[in-house]
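run16.cif follows; it contains mmCIF, C-alpha atoms.
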```cif
data_final
loop_
_atom_site.label_atom_id
_atom_site.label_comp_id
_atom_site.auth_asym_id
_atom_site.auth_seq_id
_atom_site.Cartn_x
_atom_site.Cartn_y
_atom_site.Cartn_z
CA MET O 1 0.00 0.00 0.00
CA GLN O 2 1.33 3.42 -0.95
CA THR O 3 0.63 6.66 0.85
CA SER O 4 1.07 10.03 -0.85
CA TYR O 5 3.61 12.45 0.57
CA THR O 6 0.89 15.07 1.10
CA LYS O 7 -1.22 12.63 3.09
CA GLN O 8 1.78 11.66 5.20
CA LYS O 9 2.46 15.29 6.01
CA ASP O 10 -1.20 15.87 6.87
CA ILE O 11 -1.42 13.04 9.38
CA HIS O 12 2.08 13.96 10.67
CA PHE O 13 2.90 10.46 11.90
CA LEU O 14 -0.31 10.16 13.93
CA ASP O 15 -0.66 6.49 13.04
CA LEU O 16 2.92 5.78 14.07
CA ARG O 17 2.53 7.68 17.33
CA GLU O 18 -0.66 5.79 18.22
CA ASN O 19 0.97 2.41 17.46
CA LEU O 20 3.98 3.33 19.60
CA GLU O 21 1.97 4.65 22.54
CA ASN O 22 -0.34 1.59 22.49
CA LYS O 23 2.60 -0.80 22.05
CA GLU O 24 1.08 -2.13 18.82
CA TYR O 25 4.48 -3.11 17.44
CA ARG O 26 3.24 -5.33 14.62
CA ASN O 27 1.03 -2.51 13.30
CA LEU O 28 3.88 -0.06 13.83
CA LYS O 29 6.20 -2.20 11.72
CA ASN O 30 3.61 -2.45 8.94
CA ASN O 31 2.92 1.30 8.99
CA LEU O 32 6.63 2.17 8.96
CA ALA O 33 6.93 0.23 5.71
CA LYS O 34 4.53 2.72 4.07
CA TYR O 35 6.80 5.68 4.73
CA ASN O 36 9.79 6.98 2.82
CA PRO O 37 13.04 6.46 4.80
CA ILE O 38 13.61 10.24 4.95
CA ASP O 39 10.18 10.70 6.57
CA ILE O 40 10.98 7.90 9.01
CA LYS O 41 14.17 9.76 9.87
CA ASP O 42 12.10 12.86 10.73
CA PHE O 43 9.84 10.73 12.93
CA ILE O 44 12.74 9.08 14.74
CA GLU O 45 14.41 12.39 15.54
CA GLU O 46 11.34 13.41 17.56
CA LEU O 47 11.48 10.34 19.82
CA ASP O 48 13.24 9.73 23.12
CA PRO O 49 16.34 7.45 23.11
CA ILE O 50 14.51 4.24 24.09
CA ASP O 51 11.76 4.64 21.49
CA THR O 52 14.34 5.58 18.84
CA VAL O 53 16.11 2.25 19.21
CA LEU O 54 12.81 0.38 19.34
CA VAL O 55 11.48 1.95 16.14
CA PHE O 56 14.79 1.47 14.34
CA ARG O 57 14.76 -2.26 15.08
CA LEU O 58 11.32 -2.56 13.49
CA LEU O 59 12.54 -1.20 10.15
CA SER O 60 13.28 -3.40 7.16
CA LYS O 61 16.98 -3.89 6.46
CA ASN O 62 17.01 -1.59 3.42
CA ASP O 63 15.08 1.15 5.20
CA ALA O 64 17.33 0.81 8.25
CA ILE O 65 20.43 1.55 6.15
CA GLU O 66 18.89 4.59 4.45
CA VAL O 67 17.50 5.97 7.70
CA PHE O 68 20.76 5.51 9.56
CA SER O 69 22.87 7.21 6.88
CA SER O 70 20.54 10.24 6.85
CA LEU O 71 20.40 10.75 10.63
CA GLU O 72 22.27 13.54 12.42
CA ASN O 73 25.46 12.58 14.25
CA GLU O 74 23.83 12.70 17.68
CA GLU O 75 21.17 10.18 16.63
CA GLN O 76 23.75 7.92 14.98
CA ILE O 77 25.85 7.92 18.14
CA ARG O 78 22.79 7.06 20.22
CA LEU O 79 21.98 4.10 17.98
CA ILE O 80 25.56 2.83 17.77
CA GLN O 81 25.75 2.79 21.56
CA ALA O 82 22.51 0.78 21.72
CA PHE O 83 23.27 -1.66 18.88
CA THR O 84 24.21 -5.24 19.49
CA ASP O 85 27.42 -6.43 17.78
CA THR O 86 25.35 -8.20 15.12
CA GLU O 87 23.28 -5.07 14.37
CA LEU O 88 26.36 -2.87 14.19
CA ASP O 89 28.18 -5.32 11.91
CA TYR O 90 25.24 -5.34 9.50
CA ILE O 91 24.84 -1.57 9.39
CA LEU O 92 28.55 -0.89 8.89
CA ASN O 93 28.92 -3.54 6.20
CA GLU O 94 25.98 -2.15 4.22
CA LEU O 95 26.84 1.57 4.44
CA ASN O 96 28.48 3.20 1.43
CA ILE O 97 32.13 4.03 1.94
CA ASP O 98 31.55 7.81 1.60
CA ASP O 99 28.87 7.69 4.31
CA MET O 100 31.26 5.72 6.51
CA VAL O 101 34.01 8.30 6.02
CA ASP O 102 31.67 11.20 6.79
CA MET O 103 30.54 9.44 9.94
CA VAL O 104 34.06 8.63 11.17
CA GLU O 105 35.23 12.21 10.56
CA GLU O 106 32.60 13.68 12.87
CA MET O 107 32.25 11.04 15.60
CA PRO O 108 33.90 11.12 19.06
CA ALA O 109 37.03 9.00 19.43
CA SER O 110 35.28 6.36 21.55
CA ILE O 111 32.59 5.83 18.89
CA VAL O 112 35.16 5.79 16.07
CA LYS O 113 37.05 3.06 17.91
CA LYS O 114 33.90 0.97 18.16
CA ILE O 115 33.14 1.51 14.46
CA ILE O 116 36.65 0.51 13.38
CA GLU O 117 36.51 -2.63 15.52
CA HIS O 118 33.37 -3.75 13.68
CA THR O 119 34.62 -2.89 10.18
CA ASP O 120 36.35 -5.50 8.04
CA SER O 121 40.00 -4.94 7.14
CA SER O 122 39.41 -4.05 3.47
CA LYS O 123 36.83 -1.38 4.32
CA ARG O 124 39.02 -0.11 7.15
CA LYS O 125 41.87 0.36 4.69
CA LEU O 126 39.63 2.31 2.34
CA ILE O 127 38.43 4.55 5.18
CA ASN O 128 42.02 5.36 6.12
CA GLU O 129 42.80 6.21 2.48
CA PHE O 130 39.80 8.52 2.25
CA LEU O 131 40.70 10.26 5.51
CA GLN O 132 44.06 11.26 4.02
CA TYR O 133 42.35 13.61 1.57
CA PRO O 134 41.86 17.24 2.67
CA GLU O 135 38.48 17.77 4.34
CA SER O 136 37.09 20.07 1.63
CA SER O 137 38.51 18.18 -1.36
CA ALA O 138 36.85 16.08 -4.06
CA GLY O 139 38.58 13.02 -2.62
CA SER O 140 36.78 13.43 0.70
CA LEU O 141 33.40 13.58 -1.08
CA MET O 142 33.75 10.67 -3.47
CA THR O 143 32.63 7.07 -3.21
CA ILE O 144 34.13 4.02 -4.90
CA GLU O 145 30.77 2.36 -5.57
CA TYR O 146 30.65 2.81 -9.36
CA VAL O 147 30.47 0.46 -12.35
CA GLU O 148 33.77 0.04 -14.19
CA LEU O 149 33.91 -1.43 -17.72
CA LYS O 150 36.57 -2.14 -20.36
CA LYS O 151 36.64 -1.24 -24.06
CA TYR O 152 36.97 -4.83 -25.18
CA MET O 153 33.79 -5.95 -23.39
CA THR O 154 30.65 -6.67 -25.39
CA VAL O 155 27.27 -5.26 -24.42
CA LYS O 156 26.32 -8.72 -23.15
CA GLN O 157 29.39 -8.89 -20.90
CA ALA O 158 28.77 -5.34 -19.69
CA LEU O 159 25.19 -6.18 -18.72
CA GLN O 160 26.40 -9.26 -16.88
CA ARG O 161 28.90 -7.07 -14.97
CA ILE O 162 26.18 -4.53 -14.11
CA LYS O 163 23.77 -7.26 -12.93
CA ALA O 164 26.47 -8.92 -10.82
CA THR O 165 27.80 -5.76 -9.13
CA GLY O 166 25.11 -3.11 -9.61
CA ILE O 167 23.24 -3.90 -6.41
CA ASN O 168 26.19 -2.56 -4.41
CA LYS O 169 26.79 0.53 -6.55
CA VAL O 170 25.56 4.06 -5.93
CA THR O 171 24.56 4.38 -9.59
CA VAL O 172 24.50 2.16 -12.67
CA TYR O 173 23.16 4.75 -15.10
CA THR O 174 26.65 5.98 -16.00
CA CYS O 175 29.41 3.37 -16.35
CA TYR O 176 33.06 4.44 -16.57
CA VAL O 177 35.53 2.84 -18.95
CA THR O 178 39.16 2.44 -17.91
CA ASP O 179 42.29 0.91 -19.45
CA ALA O 180 44.59 -1.74 -17.95
CA SER O 181 46.19 0.91 -15.69
CA LYS O 182 42.77 2.15 -14.46
CA ARG O 183 43.15 5.40 -16.40
CA LEU O 184 39.79 6.92 -17.27
CA ILE O 185 39.22 6.89 -21.02
CA GLY O 186 35.48 7.61 -21.22
CA PHE O 187 32.01 6.61 -20.15
CA VAL O 188 28.97 4.73 -21.42
CA SER O 189 25.38 5.35 -20.40
CA LEU O 190 23.09 2.51 -19.39
CA ARG O 191 20.68 3.68 -22.12
CA ASP O 192 23.35 3.10 -24.78
CA ILE O 193 24.06 -0.36 -23.39
CA VAL O 194 20.49 -1.66 -23.13
CA THR O 195 19.50 -0.31 -26.56
CA SER O 196 22.46 -1.88 -28.39
CA GLU O 197 22.95 -5.39 -29.75
CA GLU O 198 24.64 -7.90 -27.45
CA ASP O 199 27.76 -8.29 -29.64
CA VAL O 200 28.51 -4.55 -29.89
CA LEU O 201 31.75 -3.58 -28.17
CA ILE O 202 31.73 -1.05 -25.33
CA GLY O 203 34.56 0.72 -27.18
CA ASP O 204 32.11 1.48 -30.00
CA LEU O 205 29.66 3.11 -27.57
CA LEU O 206 32.34 5.03 -25.69
CA HIS O 207 31.98 8.78 -25.03
CA GLU O 208 35.55 10.02 -24.83
CA LYS O 209 34.75 13.66 -24.00
CA VAL O 210 34.39 13.02 -20.29
CA VAL O 211 34.44 15.82 -17.71
CA PHE O 212 36.18 14.92 -14.45
CA VAL O 213 37.71 16.44 -11.33
CA HIS O 214 40.90 15.58 -9.44
CA THR O 215 41.02 14.18 -5.93
CA HIS O 216 42.56 17.36 -4.48
CA ASP O 217 40.23 19.83 -6.22
CA ASP O 218 38.34 22.04 -3.76
CA GLN O 219 34.70 21.13 -3.17
CA GLU O 220 33.61 24.58 -4.41
CA GLN O 221 35.27 23.83 -7.76
CA VAL O 222 33.42 20.51 -7.87
CA ALA O 223 30.13 22.26 -7.13
CA GLU O 224 30.83 24.70 -9.97
CA VAL O 225 31.35 21.79 -12.40
CA PHE O 226 28.01 20.27 -11.36
CA ARG O 227 26.28 23.64 -11.78
CA LYS O 228 27.87 24.27 -15.17
CA TYR O 229 27.18 20.88 -16.77
CA GLY O 230 24.08 19.76 -14.88
CA PHE O 231 25.55 16.34 -14.06
CA VAL O 232 24.10 13.86 -11.57
CA VAL O 233 27.44 12.08 -11.18
CA LEU O 234 31.05 13.11 -11.78
CA PRO O 235 34.20 10.94 -11.98
CA VAL O 236 37.22 11.67 -9.78
CA VAL O 237 40.77 10.88 -10.93
CA ASP O 238 44.23 11.17 -9.39
CA ASN O 239 47.20 13.10 -10.81
CA GLU O 240 47.84 10.33 -13.34
CA ASN O 241 44.21 10.31 -14.52
CA ARG O 242 43.53 6.98 -12.84
CA MET O 243 39.93 6.48 -11.80
CA THR O 244 39.55 6.71 -8.02
CA GLY O 245 35.83 7.27 -7.46
CA ILE O 246 32.71 9.26 -8.26
CA ILE O 247 30.80 12.13 -6.66
CA THR O 248 27.01 12.07 -6.85
CA VAL O 249 24.76 15.11 -7.01
CA ASP O 250 23.19 14.45 -3.58
CA ASP O 251 26.63 14.77 -1.97
CA ILE O 252 27.40 18.00 -3.80
CA LEU O 253 23.99 19.44 -2.89
CA ASP O 254 25.00 19.06 0.76
CA VAL O 255 28.20 20.95 -0.04
CA MET O 256 26.28 23.72 -1.81
CA GLU O 257 23.98 24.07 1.18
CA ARG O 258 26.93 24.30 3.59
CA GLU O 259 28.72 26.83 1.37
CA ALA O 260 25.58 28.96 1.08
CA THR O 261 25.07 28.85 4.85
CA GLU O 262 28.71 29.79 5.40
CA ASP O 263 28.38 32.75 3.01
CA PHE O 264 25.24 33.98 4.78
CA GLN O 265 27.04 33.79 8.12
CA LYS O 266 30.06 35.70 6.81
CA MET O 267 27.81 38.32 5.21
CA ALA O 268 26.19 38.80 8.61
CA ALA O 269 29.62 39.22 10.26
CA MET O 270 29.55 35.85 12.01
CA THR O 271 32.22 33.18 12.24
CA PRO O 272 30.98 30.24 10.10
CA ASP O 273 30.10 26.98 11.84
CA ASP O 274 28.23 23.76 11.03
CA GLU O 275 26.52 23.33 14.39
CA SER O 276 22.75 23.26 14.68
CA TYR O 277 21.31 26.49 16.10
CA ILE O 278 18.85 24.65 18.35
CA ASP O 279 21.50 22.28 19.72
CA SER O 280 24.17 24.97 20.25
CA SER O 281 24.62 26.62 23.63
CA VAL O 282 24.15 30.35 24.14
CA TRP O 283 27.83 30.71 25.04
CA TYR O 284 28.92 28.89 21.88
CA LEU O 285 26.76 31.10 19.64
CA ALA O 286 28.00 34.24 21.41
CA LYS O 287 31.62 33.22 20.77
CA ARG O 288 30.89 32.80 17.05
CA ARG O 289 29.47 36.31 16.83
CA ILE O 290 31.59 38.46 19.14
CA ASN O 291 34.81 38.55 17.08
CA TRP O 292 33.40 40.44 14.11
CA LEU O 293 31.28 42.65 16.35
CA LEU O 294 34.41 43.74 18.21
CA ILE O 295 36.23 44.44 14.96
CA LEU O 296 33.32 46.45 13.58
CA MET O 297 32.89 48.35 16.84
CA ILE O 298 36.56 49.36 16.82
CA SER O 299 36.31 50.28 13.13
CA SER O 300 33.33 52.53 13.87
CA ALA O 301 35.67 54.61 16.03
CA PHE O 302 36.73 56.28 12.77
CA THR O 303 33.18 57.56 12.42
CA SER O 304 33.36 59.12 15.89
CA ALA O 305 36.75 60.64 15.06
CA ILE O 306 35.35 62.21 11.87
CA ILE O 307 32.43 63.72 13.77
CA GLY O 308 34.82 65.11 16.38
CA HIS O 309 37.09 66.62 13.70
CA TYR O 310 34.21 68.45 12.02
CA ASN O 311 32.54 69.44 15.27
CA TYR O 312 32.81 73.14 14.34
CA LEU O 313 30.50 72.51 11.35
CA LEU O 314 27.96 70.79 13.56
CA ILE O 315 27.94 73.78 15.88
CA ALA O 316 27.45 76.17 12.95
CA TYR O 317 24.82 74.05 11.17
CA THR O 318 23.21 71.96 13.90
CA SER O 319 20.04 71.22 11.91
CA LEU O 320 22.01 69.55 9.09
CA TYR O 321 23.28 66.85 11.46
CA ASN O 322 19.75 65.44 11.57
CA PHE O 323 20.14 64.30 7.95
CA SER O 324 23.42 62.40 8.39
CA PRO O 325 21.72 59.09 9.39
CA MET O 326 19.68 59.21 6.17
CA ILE O 327 22.80 59.71 4.03
CA MET O 328 24.72 56.98 5.89
CA GLY O 329 21.77 54.58 5.62
CA ALA O 330 21.31 55.20 1.89
CA GLY O 331 25.01 54.64 1.33
CA GLY O 332 25.07 51.42 3.34
CA ASN O 333 22.03 50.03 1.56
CA SER O 334 23.46 50.96 -1.86
CA GLY O 335 26.78 49.30 -1.07
CA ASN O 336 25.07 46.16 0.19
CA GLN O 337 23.00 45.91 -3.01
CA SER O 338 26.14 45.98 -5.15
CA SER O 339 28.23 43.69 -2.95
CA THR O 340 25.46 41.08 -2.68
CA THR O 341 24.98 41.07 -6.47
CA ILE O 342 28.72 40.75 -7.18
CA ILE O 343 29.28 38.10 -4.49
CA ARG O 344 26.48 36.00 -5.95
CA GLY O 345 27.86 36.48 -9.45
CA LEU O 346 31.33 35.35 -8.33
CA ALA O 347 29.84 32.30 -6.57
CA THR O 348 27.89 31.17 -9.63
CA GLY O 349 30.69 31.94 -12.10
CA ASP O 350 28.64 34.62 -13.86
CA ILE O 351 31.33 37.19 -12.91
CA LYS O 352 35.06 36.54 -13.28
CA ILE O 353 37.98 38.44 -11.74
CA ALA O 354 38.93 39.54 -15.25
CA ASP O 355 35.56 41.32 -15.51
CA TRP O 356 36.50 43.85 -12.80
CA PHE O 357 36.66 46.86 -15.13
CA LYS O 358 33.38 45.95 -16.80
CA VAL O 359 31.76 45.53 -13.36
CA MET O 360 33.13 48.83 -12.06
CA PHE O 361 32.02 50.75 -15.14
CA LYS O 362 28.53 49.24 -14.94
CA GLU O 363 28.19 49.86 -11.18
CA LEU O 364 29.33 53.47 -11.67
CA ARG O 365 26.66 54.08 -14.29
CA ILE O 366 24.04 52.42 -12.08
CA ALA O 367 25.19 54.60 -9.18
CA ILE O 368 24.85 57.81 -11.22
CA ILE O 369 21.29 56.88 -12.24
CA VAL O 370 20.21 55.72 -8.77
CA GLY O 371 22.03 58.50 -6.96
CA GLY O 372 20.61 61.12 -9.32
CA ILE O 373 17.03 59.93 -8.74
CA LEU O 374 17.52 59.78 -4.97
CA GLY O 375 19.12 63.23 -4.99
CA ILE O 376 16.30 64.84 -6.99
CA VAL O 377 13.57 63.24 -4.87
CA ASN O 378 15.40 64.19 -1.68
CA PHE O 379 15.89 67.78 -2.89
CA ALA O 380 12.15 68.13 -3.52
CA LYS O 381 11.36 66.59 -0.11
CA ASN O 382 13.73 68.98 1.66
CA ILE O 383 12.16 72.03 -0.02
CA ILE O 384 8.50 71.02 0.24
CA TYR O 385 8.25 68.91 3.40
CA ASP O 386 11.27 69.88 5.54
CA ARG O 387 11.03 73.60 4.60
CA LEU O 388 14.79 73.89 4.08
CA ASN O 389 16.36 76.59 1.98
CA ILE O 390 17.94 75.80 -1.39
CA ALA O 391 21.53 75.83 -0.07
CA TYR O 392 20.80 73.31 2.68
CA SER O 393 18.81 71.12 0.28
CA LEU O 394 21.68 71.16 -2.22
CA VAL O 395 24.19 70.12 0.45
CA ILE O 396 22.09 67.12 1.50
CA SER O 397 21.25 66.00 -2.07
CA ILE O 398 24.78 66.39 -3.45
CA SER O 399 26.18 64.49 -0.47
CA LEU O 400 23.61 61.76 -1.05
CA ILE O 401 24.56 61.42 -4.73
CA PHE O 402 28.31 61.19 -4.05
CA THR O 403 27.77 58.77 -1.16
CA VAL O 404 25.65 56.42 -3.28
CA CYS O 405 28.24 56.53 -6.09
CA PHE O 406 31.07 55.72 -3.69
CA ALA O 407 29.08 52.96 -1.95
CA LYS O 408 28.14 51.19 -5.17
CA PHE O 409 31.67 51.47 -6.53
CA VAL O 410 33.22 50.04 -3.35
CA GLY O 411 30.45 47.44 -2.97
CA GLY O 412 31.29 46.12 -6.43
CA LEU O 413 35.08 46.37 -6.13
CA LEU O 414 35.79 44.84 -2.71
CA PRO O 415 34.33 41.34 -3.40
CA ILE O 416 36.36 41.08 -6.63
CA LEU O 417 39.50 42.26 -4.82
CA ALA O 418 38.87 39.68 -2.08
CA LYS O 419 38.50 36.95 -4.71
CA LYS O 420 41.77 38.05 -6.31
CA LEU O 421 43.52 37.77 -2.92
CA ASN O 422 41.96 34.31 -2.31
CA ILE O 423 39.74 35.67 0.47
CA ASP O 424 36.10 34.63 0.63
CA PRO O 425 34.18 37.49 -1.09
CA ALA O 426 31.28 36.99 1.34
CA ILE O 427 33.37 38.71 4.01
CA MET O 428 33.14 41.95 1.99
CA ALA O 429 29.45 42.40 2.57
CA GLY O 430 26.84 43.67 5.00
CA PRO O 431 28.45 45.12 8.13
CA VAL O 432 31.91 45.57 6.55
CA ILE O 433 30.56 47.63 3.66
CA SER O 434 28.22 49.59 5.95
CA THR O 435 31.00 50.47 8.41
CA LEU O 436 33.28 51.69 5.62
CA VAL O 437 30.53 53.65 3.87
CA ASP O 438 29.39 55.27 7.15
CA SER O 439 32.82 56.83 7.66
CA VAL O 440 33.26 57.96 4.06
CA SER O 441 29.69 59.31 3.80
CA LEU O 442 30.34 61.60 6.77
CA LEU O 443 33.57 62.80 5.16
CA ILE O 444 31.66 63.58 1.97
CA TYR O 445 28.83 65.28 3.87
CA PHE O 446 31.04 67.53 5.99
CA ASN O 447 33.24 68.49 3.04
CA VAL O 448 30.22 69.41 0.91
CA ILE O 449 28.93 71.54 3.82
CA GLY O 450 32.32 73.28 4.03
CA ILE O 451 32.39 73.98 0.29
CA ILE O 452 28.82 75.23 -0.24
CA LEU O 453 27.98 76.92 3.06
CA PRO O 454 29.97 79.81 4.53
CA ILE O 455 31.55 79.33 7.96
#
```
Translate this structure into structure tokens?
Amino acid sequence: MQTSYTKQKDIHFLDLRENLENKEYRNLKNNLAKYNPIDIKDFIEELDPIDTVLVFRLLSKNDAIEVFSSLENEEQIRLIQAFTDTELDYILNELNIDDMVDMVEEMPASIVKKIIEHTDSSKRKLINEFLQYPESSAGSLMTIEYVELKKYMTVKQALQRIKATGINKVTVYTCYVTDASKRLIGFVSLRDIVTSEEDVLIGDLLHEKVVFVHTHDDQEQVAEVFRKYGFVVLPVVDNENRMTGIITVDDILDVMEREATEDFQKMAAMTPDDESYIDSSVWYLAKRRINWLLILMISSAFTSAIIGHYNYLLIAYTSLYNFSPMIMGAGGNSGNQSSTTIIRGLATGDIKIADWFKVMFKELRIAIIVGGILGIVNFAKNIIYDRLNIAYSLVISISLIFTVCFAKFVGGLLPILAKKLNIDPAIMAGPVISTLVDSVSLLIYFNVIGIILPI
């Protein structure tokens, strides 16, 4: 019996909860079989430790593997501690090698020791090899569960290989062809194989224009390749072009999500981290945020120094000081618009470092148009609503135009400069841009006052 996803969401595990509360374990087992493993994972994460283990033991073997591999580390640790030796042996033997590596990397030493003790020697050797790759490299993301074929095989032989080994592979839809030295020479799709005659050679179906990444390529580069070509799987080779594994799109989607989260945190002037917000302590979250806040607070001292230096203008034209927050705010918002656009363009590959002049010229023209409109509207507001004289209105509007132009120019330039210096462009956003623009906007404002108005 199948249950639609919408219906499952509507009932929100009510049937499972009732079975569990009433100790109707046979019905619970039957109802669990109707759910997708990812939905079961959501259900399990809401249970207490005892019920978690109980429900997990009622799952079918295939569902148990999928649910376990998708659980958060805390839940995995809880289950590993409760497993019998037989249960742990089964789970570890059935897990894909990349899931095993991810788990070992993030587990406490005591749990890792238990995992290693229950892992056969061949798998243990593979785990150690994977752990030697840098954490954010293609090698750390890949899995070795792929179908490997040879040019001299016939379609019949290839199908026999796929049937014999495919059950243990992450994917069979793309099969990679290697030579005697395991060098990657191309790929064949399952569609090509099943639609060809049995005596056709794999070499005749071979696609030699294969896109691949190297084991030490950064995961952001890998993500860019997936985005550019729209692949669902990508081969990984070593420095001698020998096939070492594959990366699947579900693994790279996790990377993209982490990178996006990291960029958001940096743009909000926070130290990036992978911890769950709900599970993190207040002290831990405060530590992740205080560093940048201290830096920005100290940087804002320049703003105070500028105000102090031009204090004589504030005394002479006290009413004009009321408009400085508006100018600073418009500048900060303008700079953030530009920096966010450029940072996103750099992340997606739409903007290259070599495009810096084109970007600057475009941002400058945008700034003139936007600043001009803001200046004209503000001038009319100052005359009609604020009842200011023409001189005062000119000072405010001219300062606004120059501030917006500067903010957009800097907001477009700094992310590209950061990229050139191999610094994450996301750092050059939000609070950083605002702090810089605040200081410069005051300099512009006070200098325009000094030029236009008599002292």
Would you mind reading off the distance between CA of Ile185 in chain O and CA of Val237 in chain O, one decimal, in Å?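 Computing it gives 11.0 Å between the two atoms.
Residue nearest Met360 in chain O within the list O:Val249, O:Ile416, O:Val213, O:Leu190: O:Ile416 [criterion: smallest interatomic distance, all atoms listed in the file].
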Pull the neighbourhood of (32.6, -1.3, -27.5) for me: all residues within 10 Å in file coordinates, counting only C-alpha atoms, as a CSV table (one decimal) with C-alpha atoms, keeping the file's coordinate frame.
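The resulting file, point-v8.csv, is reproduced below:
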```csv
chain,number,residue,atom,x,y,z
O,149,LEU,CA,33.9,-1.4,-17.7
O,150,LYS,CA,36.6,-2.1,-20.4
O,151,LYS,CA,36.6,-1.2,-24.1
O,152,TYR,CA,37.0,-4.8,-25.2
O,153,MET,CA,33.8,-6.0,-23.4
O,154,THR,CA,30.6,-6.7,-25.4
O,155,VAL,CA,27.3,-5.3,-24.4
O,158,ALA,CA,28.8,-5.3,-19.7
O,177,VAL,CA,35.5,2.8,-19.0
O,188,VAL,CA,29.0,4.7,-21.4
O,193,ILE,CA,24.1,-0.4,-23.4
O,199,ASP,CA,27.8,-8.3,-29.6
O,200,VAL,CA,28.5,-4.6,-29.9
O,201,LEU,CA,31.8,-3.6,-28.2
O,202,ILE,CA,31.7,-1.0,-25.3
O,203,GLY,CA,34.6,0.7,-27.2
O,204,ASP,CA,32.1,1.5,-30.0
O,205,LEU,CA,29.7,3.1,-27.6
O,206,LEU,CA,32.3,5.0,-25.7
```
Please tell me which residues are no farther than 12 Å from (21.3, 49.7, 1.2) in the file, counting only C-alpha atoms, and write them as a list in words.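 Residues satisfying the cut-off, written out: Met326, Ile327, Met328, Gly329, Ala330, Gly331, Gly332, Asn333, Ser334, Gly335, Asn336, Gln337, Ser338, Ser339, Thr340, Val370, Thr403, Val404, Ala407, Lys408, Gly411, Ala429, Gly430, Pro431, Ile433, Ser434, Val437 and Asp438 of chain O.
With only C-alpha atoms as the atoms that count, the minimum distance from Ile50 in chain O to the choices O:Ile451, O:Val282, O:Leu20, O:Leu71 is reached by O:Leu20.
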Would you work out the distance separating CA of Leu16 in chain O from CA of Asn30 in chain O, expressed in Å to one decimal? 9.7 Å
Evaluate the PyMOL selection byres ((chain O and resi 100) around 12) against this structure - the residues, as a PyMOL selection string, please. chain O and resi 65+68-70+73+76+91-99+101-107+112+115-116+119+123-124+126-128+130-131+140-144
Output check: residues returned by the PyMOL selection byres ((chain O and resi 207) around 6), as a ChimeraX atom specification: /O:186-187,206,208-209
Save out the residues we just selected, C-alpha atoms, as a PDB file, in the frame of the given file.
```pdb
ATOM      1  CA  GLY O 186      35.480   7.610 -21.220  1.00  0.00           C
ATOM      2  CA  PHE O 187      32.010   6.610 -20.150  1.00  0.00           C
ATOM      3  CA  LEU O 206      32.340   5.030 -25.690  1.00  0.00           C
ATOM      4  CA  GLU O 208      35.550  10.020 -24.830  1.00  0.00           C
ATOM      5  CA  LYS O 209      34.750  13.660 -24.000  1.00  0.00           C
TER       6      LYS O 209
END
```
What gap, in Å, lies between CA of Asp51 in chain O and CA of Asp85 in chain O?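 Interatomic distance, CA of Asp51 in chain O to CA of Asp85 in chain O: 19.5 Å.
Residue nearest Glu45 in chain O within the list O:Lys61, O:Arg26, O:Arg161, O:Arg78: O:Arg78 [criterion: smallest interatomic distance, only C-alpha atoms].
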Starting from the PyMOL selection byres ((chain O and resi 323) around 12), expand the selection into actual residues of this file and give them as a list in words.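 Checked against the file, the PyMOL selection byres ((chain O and resi 323) around 12) matches Leu314, Tyr317, Thr318, Ser319, Leu320, Tyr321, Asn322, Ser324, Pro325, Met326, Ile327, Met328, Gly329, Ala330, Asn378, Asn382, Asp386, Leu388, Tyr392, Ser393, Val395, Ile396, Ser397, Ser399, Leu400, Ser441, Leu442, Tyr445 and Phe446 of chain O.
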Kindly indicate which residue among O:Glu72, O:Asp355, O:Glu197, O:Glu148 lies nearest to Asp179 in chain O, using all atoms listed in the file for the distances.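 Using all atoms listed in the file, Asp179 in chain O sits closest to O:Glu148.
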Considering only C-alpha atoms, state which residue in the set O:Lys419, O:Lys228, O:Asn22, O:Phe13 is at the smallest distance from Lys41 in chain O.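 Nearest to Lys41 in chain O: O:Phe13.
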Looking at O:Ala223, O:Val448, O:Ile342, O:Leu293, which one is nearest to Leu414 in chain O, with distances taken over only C-alpha atoms?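 Going through O:Ala223, O:Val448, O:Ile342, O:Leu293 one by one, the smallest distance to Leu414 in chain O is for O:Ile342.
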